[in-house]
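J.: Sharing a structure, written as structure tokens. Questions coming.
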Amino acid sequence: MSIRIGHGFDIHPFSDDPDRVLVLGGVTFPGETALHGHSDADVIAHACTDAILSPAGLGDIGQLFPDTDPSLAGVDSMILLAGALRQLRDLGGSVVNIDLTVVAERPKIAPRKAEIERRL
């Protein structure tokens, strides 16, 4: 058995679009300023995706799901995460643990942490 450790990191600017909704770990945060991105800009799902892809030698989220692909416009990042997991499993790999750090003043994540963990 081989153990590999991946690292994921993601950052998106805030969006000026009042119709966008903030999504973190597959959970929506109504009333909070959303993030700008080609997809739903879920930085938690994106960081997890990169953490899965990198140790398997599968590149990163931008290579696997490029922001130049019009079919991915507005896509739910949990779908991208599931795609990365599928590719890892196709190689015979599995995820044991993902540790994630979110750096943000708001929203408060702790009250919704269990919900985010369930979605992930």
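Residue names in the structure tokens use chain letters A, B, ... in the order shown, residue numbers from 1 in each chain, and ligand numbers from 1 in the order shown.
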Each residue of region 18-53 of chain A with at least one atom at most 12 Å from region 94-113 of chain A should appear once, together with its nearest atom pair and the corresponding distance in Å (one decimal); atoms considered: only C-alpha atoms; ordering: chain, then increasing residue number; output as a Markdown table.
T.:
```
| residue | atom | partner | partner_atom | distance |
| --- | --- | --- | --- | --- |
| A:Leu22 | CA | A:Pro107 | CA | 9.4 |
| A:Val23 | CA | A:Pro107 | CA | 10.6 |
| A:Leu24 | CA | A:Ile109 | CA | 8.9 |
| A:Gly25 | CA | A:Lys113 | CA | 9.0 |
| A:Gly26 | CA | A:Arg112 | CA | 11.0 |
| A:Val27 | CA | A:Arg112 | CA | 8.3 |
| A:Thr28 | CA | A:Arg112 | CA | 10.0 |
| A:Phe29 | CA | A:Pro107 | CA | 7.8 |
| A:Pro30 | CA | A:Pro107 | CA | 10.1 |
| A:Gly31 | CA | A:Pro107 | CA | 9.7 |
| A:Glu32 | CA | A:Pro107 | CA | 6.9 |
| A:Thr33 | CA | A:Pro107 | CA | 8.9 |
| A:Ala34 | CA | A:Pro107 | CA | 10.5 |
| A:Asp42 | CA | A:Val102 | CA | 11.6 |
| A:Val43 | CA | A:Val102 | CA | 8.7 |
| A:Ile44 | CA | A:Val102 | CA | 7.6 |
| A:Ala45 | CA | A:Leu100 | CA | 10.1 |
| A:His46 | CA | A:Leu100 | CA | 11.0 |
| A:Ala47 | CA | A:Leu100 | CA | 7.9 |
| A:Cys48 | CA | A:Ile98 | CA | 7.1 |
| A:Thr49 | CA | A:Ile98 | CA | 10.1 |
| A:Asp50 | CA | A:Ile98 | CA | 10.8 |
| A:Ala51 | CA | A:Ile98 | CA | 7.6 |
| A:Ile52 | CA | A:Val95 | CA | 7.3 |
| A:Leu53 | CA | A:Val95 | CA | 10.5 |
```
J.: Mind checking which residues fall within 10 Å of Pro13 (chain A), counting only C-alpha atoms, ignoring those fewer than 5 positions away in the same chain, and posting them as a list of chain:residue names?
T.: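 The residues satisfying every condition are A:Ala34, A:Leu35, A:His36, A:Gly37, A:Ala41.
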J.: Determine the nearest neighbour of Ala82 (chain A) from the options A:Ser2, A:Gly62, A:Ser15, A:Arg119, counting only C-alpha atoms.
T.: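 Closest residue, counting only C-alpha atoms: A:Arg119.
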J.: Any chance you could list, as a PyMOL selection string, the residues in chain A that come up helix (DSSP H, G or I) when DSSP is run on the backbone?
T.: chain A and resi 43-56+61-64+70-72+77-90+110-119
J.: Please produce an output containing C-alpha atoms for each residue in the selection, written as a CSV table (one decimal), in the first residue's frame.
T.:
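Saved result, part-v2.csv, follows:
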```csv
chain,number,residue,atom,x,y,z
A,43,VAL,CA,-13.2,27.5,-3.0
A,44,ILE,CA,-13.7,24.6,-0.5
A,45,ALA,CA,-14.7,22.1,-3.1
A,46,HIS,CA,-11.9,23.4,-5.4
A,47,ALA,CA,-9.2,23.0,-2.8
A,48,CYS,CA,-10.5,19.5,-2.0
A,49,THR,CA,-10.5,18.7,-5.7
A,50,ASP,CA,-6.8,19.8,-6.1
A,51,ALA,CA,-5.9,17.8,-2.9
A,52,ILE,CA,-7.3,14.7,-4.6
A,53,LEU,CA,-5.8,15.3,-8.0
A,54,SER,CA,-2.2,16.2,-7.1
A,55,PRO,CA,-1.0,13.1,-5.4
A,56,ALA,CA,-2.4,10.9,-8.2
A,61,ILE,CA,-8.7,21.5,-11.3
A,62,GLY,CA,-7.9,24.0,-14.0
A,63,GLN,CA,-6.3,21.3,-16.2
A,64,LEU,CA,-9.1,18.8,-15.7
A,70,PRO,CA,-18.4,26.7,-21.9
A,71,SER,CA,-20.2,23.6,-20.7
A,72,LEU,CA,-18.7,24.2,-17.2
A,77,SER,CA,-18.2,22.4,-8.0
A,78,MET,CA,-19.4,19.3,-6.2
A,79,ILE,CA,-19.7,17.7,-9.6
A,80,LEU,CA,-16.1,18.6,-10.3
A,81,LEU,CA,-15.1,17.1,-7.0
A,82,ALA,CA,-17.0,13.9,-7.8
A,83,GLY,CA,-15.2,13.8,-11.2
A,84,ALA,CA,-11.8,14.0,-9.5
A,85,LEU,CA,-12.8,11.3,-7.1
A,86,ARG,CA,-13.9,9.1,-10.0
A,87,GLN,CA,-10.5,9.5,-11.7
A,88,LEU,CA,-8.7,8.7,-8.5
A,89,ARG,CA,-10.8,5.6,-8.0
A,90,ASP,CA,-10.2,4.5,-11.6
A,110,ALA,CA,-18.5,26.8,12.3
A,111,PRO,CA,-22.3,26.9,12.6
A,112,ARG,CA,-22.5,25.1,9.2
A,113,LYS,CA,-19.4,22.9,9.5
A,114,ALA,CA,-21.3,19.7,9.9
A,115,GLU,CA,-23.5,20.4,6.9
A,116,ILE,CA,-20.4,21.1,4.8
A,117,GLU,CA,-18.7,17.9,6.0
A,118,ARG,CA,-21.8,15.9,5.0
A,119,ARG,CA,-21.9,17.5,1.6
```
J.: Identify which of the residues A:Gly92, A:Ser39, A:Leu120, A:Ile3 lies closest to Asp76 (chain A), counting only C-alpha atoms when measuring atom-to-atom distances.
T.: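 For Asp76 (chain A), the nearest of the candidates is A:Ser39.
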J.: Can you list, as a list in words, all residues belonging to chain A that DSSP tags as strand (DSSP E or B)?
T.: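 Listing strand (DSSP E or B) positions across chain A yields Phe14, Leu22, Val23, Leu24, Val27, Thr28, Phe29 and Leu35 of chain A.
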J.: Could those selected residues go to a file with all heavy atoms, as a tab-separated table (two decimals), in the first residue's frame?
T.:
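Ended up saving to selection16.tsv:
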```tsv
chain	number	residue	atom	x	y	z
A	14	PHE	N	-14.08	38.45	-4.88
A	14	PHE	CA	-15.51	38.66	-4.64
A	14	PHE	C	-16.19	39.05	-5.93
A	14	PHE	O	-15.59	39.66	-6.82
A	14	PHE	CB	-15.74	39.72	-3.56
A	14	PHE	CG	-15.40	39.26	-2.18
A	14	PHE	CD1	-14.28	39.74	-1.54
A	14	PHE	CD2	-16.18	38.32	-1.54
A	14	PHE	CE1	-13.96	39.31	-0.26
A	14	PHE	CE2	-15.87	37.88	-0.27
A	14	PHE	CZ	-14.75	38.39	0.37
A	22	LEU	N	-23.11	32.78	-2.59
A	22	LEU	CA	-21.88	32.21	-2.04
A	22	LEU	C	-22.11	30.73	-1.76
A	22	LEU	O	-23.08	30.34	-1.10
A	22	LEU	CB	-21.48	32.92	-0.75
A	22	LEU	CG	-20.23	32.39	-0.06
A	22	LEU	CD1	-18.99	32.57	-0.93
A	22	LEU	CD2	-20.03	33.06	1.29
A	23	VAL	N	-21.19	29.91	-2.27
A	23	VAL	CA	-21.23	28.46	-2.05
A	23	VAL	C	-19.89	28.04	-1.47
A	23	VAL	O	-18.83	28.35	-2.01
A	23	VAL	CB	-21.48	27.69	-3.36
A	23	VAL	CG1	-21.54	26.19	-3.10
A	23	VAL	CG2	-22.74	28.16	-4.06
A	24	LEU	N	-19.93	27.34	-0.34
A	24	LEU	CA	-18.72	26.83	0.31
A	24	LEU	C	-18.96	25.39	0.71
A	24	LEU	O	-19.89	25.10	1.48
A	24	LEU	CB	-18.37	27.67	1.54
A	24	LEU	CG	-18.02	29.13	1.29
A	24	LEU	CD1	-17.88	29.88	2.62
A	24	LEU	CD2	-16.75	29.25	0.47
A	27	VAL	N	-22.47	24.07	0.17
A	27	VAL	CA	-23.54	24.67	0.98
A	27	VAL	C	-23.67	26.14	0.60
A	27	VAL	O	-22.67	26.85	0.52
A	27	VAL	CB	-23.22	24.53	2.49
A	27	VAL	CG1	-24.24	25.25	3.34
A	27	VAL	CG2	-23.13	23.05	2.86
A	28	THR	N	-24.89	26.58	0.36
A	28	THR	CA	-25.11	27.99	0.01
A	28	THR	C	-25.23	28.84	1.26
A	28	THR	O	-25.75	28.40	2.29
A	28	THR	CB	-26.36	28.17	-0.86
A	28	THR	OG1	-27.50	27.70	-0.15
A	28	THR	CG2	-26.23	27.45	-2.18
A	29	PHE	N	-24.74	30.06	1.15
A	29	PHE	CA	-24.78	31.03	2.23
A	29	PHE	C	-25.53	32.27	1.72
A	29	PHE	O	-24.92	33.24	1.29
A	29	PHE	CB	-23.37	31.41	2.68
A	29	PHE	CG	-22.66	30.34	3.45
A	29	PHE	CD1	-22.09	29.25	2.80
A	29	PHE	CD2	-22.56	30.42	4.83
A	29	PHE	CE1	-21.43	28.26	3.52
A	29	PHE	CE2	-21.91	29.43	5.56
A	29	PHE	CZ	-21.35	28.35	4.91
A	35	LEU	N	-18.54	34.71	-4.53
A	35	LEU	CA	-17.22	34.75	-5.16
A	35	LEU	C	-17.38	34.67	-6.67
A	35	LEU	O	-18.32	34.04	-7.18
A	35	LEU	CB	-16.36	33.59	-4.66
A	35	LEU	CG	-16.09	33.60	-3.16
A	35	LEU	CD1	-15.37	32.31	-2.73
A	35	LEU	CD2	-15.30	34.82	-2.75
```
J.: Pick from A:Pro18, A:Gly93, A:Gly74, A:Gly57: nearest to Asp40 (chain A), with only C-alpha atoms counted?
T.: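 Checking each candidate against Asp40 (chain A), we get A:Gly74 as the closest.
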J.: In Å, with one decimal, what is the gap from CA of His38 (chain A) to CA of Pro66 (chain A)?
T.: 9.0 Å
